[in-house]
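Comments concern the structure below.
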Amino acid sequence: ELVVNSLKEGVVTLITDLNGNHVVQRCLQKLSREQATFIYDAAVDDCVSIATHRHGCCVLQRCVDYASEQQRGHLVSRIAQNALVLSQDPFGNYVVQYILDLGNAHSSVAVMRNLQGSFAYLSMQKFSSNVVEKCLKLAPAAAREAIIREIAAAPTLPQMLNDAYANYVVQCALTVSKGALYSVLCEAIRPHMAMLRLSPHGKRILAKLQRR
């Protein structure tokens, strides 16, 4: 109780401190979930500032690990609400990927719902392109189809095909799509085949198409 009362007021400062974050992580390990409530409350209230910090992003992942089902639900919900901002951040993207890696369909769909309409834009950024790839690999079938159809219909598809990051997303989409959905994506790419032959990124996509 003395420890909790001593740390409570400055917990966000500790979470983002080079040394203090280890104290908070040890609290998560050793305190009961009820005693550690002050940490989970701070993680929910200051989700974005913590998730986008070098040390905070690690603490947030440990919060997800040690939380009760109810605490985890609140935390995952807040992360999903801010998924668009976090996915574009050098540290926040790892937190979003961690939620996707939980393998919980409800959590994954909550994240993807908040990224809907931005998948093409996110694909052309260094950090968020990794999140989009993970969505494609781990999404339930219906969510994956929605992402691929969004990419195929994107006005920026020609730029994506030649983009240093987005071309990997397109390759991933080609790998995980099947049947009619694969055909939709191929038909969207087909008008740009001549352009693909002229760029190293485009050649990777052509190679992927030829292997299929």
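We name chains A, B, ... following the order of the structure tokens; residues begin at 1 in each chain, and ligands are numbered from 1 as shown.
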* For segment 108-113 of chain A, work out the shell of residues within 10 Å, counting only C-alpha atoms and skipping chain neighbours fewer than 5 positions away, then give it as JSON, numbers by chain. => {"A": [76, 77, 78, 79, 80, 81, 82, 83, 84, 87, 96, 97, 99, 100, 101, 102, 103, 118, 119, 131, 132, 135, 136, 138, 139, 140, 142, 143, 144, 146, 147]}
Counting only C-alpha atoms, give me one row per residue of segment 47-158 of chain A with an atom at most 10 Å from an atom of segment 177-190 of chain A, showing the shortest contact pair and its distance in Å to one decimal, sorted by chain then residue number, as a tab-separated table.
residue	atom	partner	partner_atom	distance
A:Leu136	CA	A:Ser177	CA	9.1
A:Lys137	CA	A:Ser177	CA	10.0
A:Ala141	CA	A:Ser177	CA	9.5
A:Arg144	CA	A:Ser177	CA	8.4
A:Glu145	CA	A:Leu181	CA	7.1
A:Ala146	CA	A:Leu181	CA	9.9
A:Ile148	CA	A:Leu185	CA	7.3
A:Arg149	CA	A:Leu185	CA	7.4
A:Glu150	CA	A:Leu185	CA	9.9
A:Ile151	CA	A:Leu185	CA	8.2
A:Ala152	CA	A:Leu185	CA	5.3
A:Ala153	CA	A:Ala188	CA	7.2
A:Ala154	CA	A:Ala188	CA	9.3
A:Leu157	CA	A:Ile189	CA	7.9
A:Pro158	CA	A:Ile189	CA	8.0
* **Selection: 12 Å around Leu206 of chain A, only C-alpha atoms, excl. self and same-chain fewer than 4 positions, as a PyMOL selection string** => chain A and resi 161-162+167+170-171+174+186+189-190+192-202+210-212
Can you spit out the residues from that selection as a PDB file, in the first residue's frame, using N, CA, C and O atoms?
ATOM      1  N   LEU A 161       2.125   0.829 -56.110  1.00  0.00           N
ATOM      2  CA  LEU A 161       2.865  -0.223 -56.803  1.00  0.00           C
ATOM      3  C   LEU A 161       4.348   0.102 -56.932  1.00  0.00           C
ATOM      4  O   LEU A 161       5.189  -0.796 -57.000  1.00  0.00           O
ATOM      5  N   ASN A 162       4.668   1.389 -56.940  1.00  0.00           N
ATOM      6  CA  ASN A 162       6.064   1.829 -57.082  1.00  0.00           C
ATOM      7  C   ASN A 162       6.656   2.363 -55.791  1.00  0.00           C
ATOM      8  O   ASN A 162       7.780   2.868 -55.783  1.00  0.00           O
ATOM      9  N   ASN A 167       4.694  -1.355 -51.904  1.00  0.00           N
ATOM     10  CA  ASN A 167       4.811  -2.502 -52.810  1.00  0.00           C
ATOM     11  C   ASN A 167       4.843  -3.810 -52.033  1.00  0.00           C
ATOM     12  O   ASN A 167       4.357  -4.829 -52.498  1.00  0.00           O
ATOM     13  N   VAL A 170       1.240  -4.647 -51.215  1.00  0.00           N
ATOM     14  CA  VAL A 170       0.559  -5.225 -52.378  1.00  0.00           C
ATOM     15  C   VAL A 170       0.986  -6.676 -52.572  1.00  0.00           C
ATOM     16  O   VAL A 170       0.153  -7.552 -52.836  1.00  0.00           O
ATOM     17  N   GLN A 171       2.286  -6.943 -52.414  1.00  0.00           N
ATOM     18  CA  GLN A 171       2.767  -8.327 -52.510  1.00  0.00           C
ATOM     19  C   GLN A 171       2.087  -9.215 -51.480  1.00  0.00           C
ATOM     20  O   GLN A 171       1.682 -10.344 -51.771  1.00  0.00           O
ATOM     21  N   LEU A 174      -1.467  -9.926 -52.474  1.00  0.00           N
ATOM     22  CA  LEU A 174      -1.505 -10.958 -53.519  1.00  0.00           C
ATOM     23  C   LEU A 174      -1.307 -12.351 -52.919  1.00  0.00           C
ATOM     24  O   LEU A 174      -1.940 -13.323 -53.348  1.00  0.00           O
ATOM     25  N   CYS A 186      -5.812  -8.475 -59.135  1.00  0.00           N
ATOM     26  CA  CYS A 186      -5.051  -8.576 -60.399  1.00  0.00           C
ATOM     27  C   CYS A 186      -5.608  -7.630 -61.461  1.00  0.00           C
ATOM     28  O   CYS A 186      -4.841  -6.979 -62.182  1.00  0.00           O
ATOM     29  N   ILE A 189      -4.474  -4.168 -60.871  1.00  0.00           N
ATOM     30  CA  ILE A 189      -3.043  -3.977 -61.158  1.00  0.00           C
ATOM     31  C   ILE A 189      -2.763  -4.008 -62.659  1.00  0.00           C
ATOM     32  O   ILE A 189      -1.873  -3.295 -63.150  1.00  0.00           O
ATOM     33  N   ARG A 190      -3.541  -4.786 -63.406  1.00  0.00           N
ATOM     34  CA  ARG A 190      -3.262  -5.051 -64.823  1.00  0.00           C
ATOM     35  C   ARG A 190      -3.008  -3.792 -65.675  1.00  0.00           C
ATOM     36  O   ARG A 190      -2.058  -3.763 -66.468  1.00  0.00           O
ATOM     37  N   HIS A 192      -1.501  -1.264 -65.091  1.00  0.00           N
ATOM     38  CA  HIS A 192      -0.220  -0.633 -64.742  1.00  0.00           C
ATOM     39  C   HIS A 192       0.979  -1.554 -64.998  1.00  0.00           C
ATOM     40  O   HIS A 192       2.085  -1.264 -64.547  1.00  0.00           O
ATOM     41  N   MET A 193       0.756  -2.651 -65.732  1.00  0.00           N
ATOM     42  CA  MET A 193       1.816  -3.644 -65.948  1.00  0.00           C
ATOM     43  C   MET A 193       3.043  -3.062 -66.631  1.00  0.00           C
ATOM     44  O   MET A 193       4.170  -3.357 -66.246  1.00  0.00           O
ATOM     45  N   ALA A 194       2.825  -2.218 -67.650  1.00  0.00           N
ATOM     46  CA  ALA A 194       3.965  -1.638 -68.373  1.00  0.00           C
ATOM     47  C   ALA A 194       4.822  -0.796 -67.437  1.00  0.00           C
ATOM     48  O   ALA A 194       6.060  -0.849 -67.489  1.00  0.00           O
ATOM     49  N   MET A 195       4.168  -0.051 -66.566  1.00  0.00           N
ATOM     50  CA  MET A 195       4.884   0.788 -65.600  1.00  0.00           C
ATOM     51  C   MET A 195       5.677  -0.074 -64.611  1.00  0.00           C
ATOM     52  O   MET A 195       6.784   0.280 -64.212  1.00  0.00           O
ATOM     53  N   LEU A 196       5.103  -1.212 -64.226  1.00  0.00           N
ATOM     54  CA  LEU A 196       5.765  -2.083 -63.246  1.00  0.00           C
ATOM     55  C   LEU A 196       7.109  -2.592 -63.752  1.00  0.00           C
ATOM     56  O   LEU A 196       8.049  -2.776 -62.971  1.00  0.00           O
ATOM     57  N   ARG A 197       7.215  -2.801 -65.069  1.00  0.00           N
ATOM     58  CA  ARG A 197       8.454  -3.338 -65.640  1.00  0.00           C
ATOM     59  C   ARG A 197       9.607  -2.340 -65.557  1.00  0.00           C
ATOM     60  O   ARG A 197      10.770  -2.708 -65.733  1.00  0.00           O
ATOM     61  N   LEU A 198       9.281  -1.072 -65.282  1.00  0.00           N
ATOM     62  CA  LEU A 198      10.308  -0.020 -65.296  1.00  0.00           C
ATOM     63  C   LEU A 198      10.866   0.314 -63.918  1.00  0.00           C
ATOM     64  O   LEU A 198      11.750   1.153 -63.795  1.00  0.00           O
ATOM     65  N   SER A 199      10.342  -0.307 -62.868  1.00  0.00           N
ATOM     66  CA  SER A 199      10.836   0.021 -61.531  1.00  0.00           C
ATOM     67  C   SER A 199      11.181  -1.240 -60.748  1.00  0.00           C
ATOM     68  O   SER A 199      10.543  -2.284 -60.927  1.00  0.00           O
ATOM     69  N   PRO A 200      12.200  -1.170 -59.890  1.00  0.00           N
ATOM     70  CA  PRO A 200      12.581  -2.347 -59.096  1.00  0.00           C
ATOM     71  C   PRO A 200      11.456  -2.822 -58.177  1.00  0.00           C
ATOM     72  O   PRO A 200      11.280  -4.015 -57.978  1.00  0.00           O
ATOM     73  N   HIS A 201      10.689  -1.863 -57.627  1.00  0.00           N
ATOM     74  CA  HIS A 201       9.579  -2.242 -56.756  1.00  0.00           C
ATOM     75  C   HIS A 201       8.485  -2.936 -57.574  1.00  0.00           C
ATOM     76  O   HIS A 201       7.914  -3.939 -57.151  1.00  0.00           O
ATOM     77  N   GLY A 202       8.217  -2.392 -58.749  1.00  0.00           N
ATOM     78  CA  GLY A 202       7.200  -2.969 -59.621  1.00  0.00           C
ATOM     79  C   GLY A 202       7.564  -4.361 -60.088  1.00  0.00           C
ATOM     80  O   GLY A 202       6.703  -5.241 -60.202  1.00  0.00           O
ATOM     81  N   GLN A 210       3.573 -13.595 -61.561  1.00  0.00           N
ATOM     82  CA  GLN A 210       3.975 -14.670 -62.454  1.00  0.00           C
ATOM     83  C   GLN A 210       4.077 -16.007 -61.713  1.00  0.00           C
ATOM     84  O   GLN A 210       3.779 -17.064 -62.264  1.00  0.00           O
ATOM     85  N   ARG A 211       4.496 -15.932 -60.424  1.00  0.00           N
ATOM     86  CA  ARG A 211       4.600 -17.174 -59.633  1.00  0.00           C
ATOM     87  C   ARG A 211       3.225 -17.778 -59.363  1.00  0.00           C
ATOM     88  O   ARG A 211       3.072 -18.982 -59.225  1.00  0.00           O
ATOM     89  N   ARG A 212       2.204 -16.907 -59.246  1.00  0.00           N
ATOM     90  CA  ARG A 212       0.844 -17.403 -58.983  1.00  0.00           C
ATOM     91  C   ARG A 212       0.248 -17.962 -60.273  1.00  0.00           C
ATOM     92  O   ARG A 212      -0.689 -18.687 -60.275  1.00  0.00           O
TER      93      ARG A 212
END
* To do: For atom CA of Asn104 of chain A and atom CA of Pro90 of chain A, quote the distance in Å rounded to one decimal.
  =>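 So the two atoms, atom CA of Asn104 of chain A and atom CA of Pro90 of chain A, lie 23.8 Å apart.
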* Excluding same-chain residues fewer than 2 positions from Lys126 of chain A, what lies within 12 Å of it counting only C-alpha atoms, as JSON, numbers by chain? -> {"A": [87, 88, 89, 90, 91, 93, 121, 122, 123, 124, 128, 129, 130, 131, 132, 133, 163, 164, 165, 166, 167, 168, 169]}
* Per DSSP on the backbone, what are the alpha helix (DSSP H) residues of segment 145-202 of chain A, as an MDAnalysis selection string? -> chainID A and resid 145:152 157:161 166:176 179:189 193:196 200:202
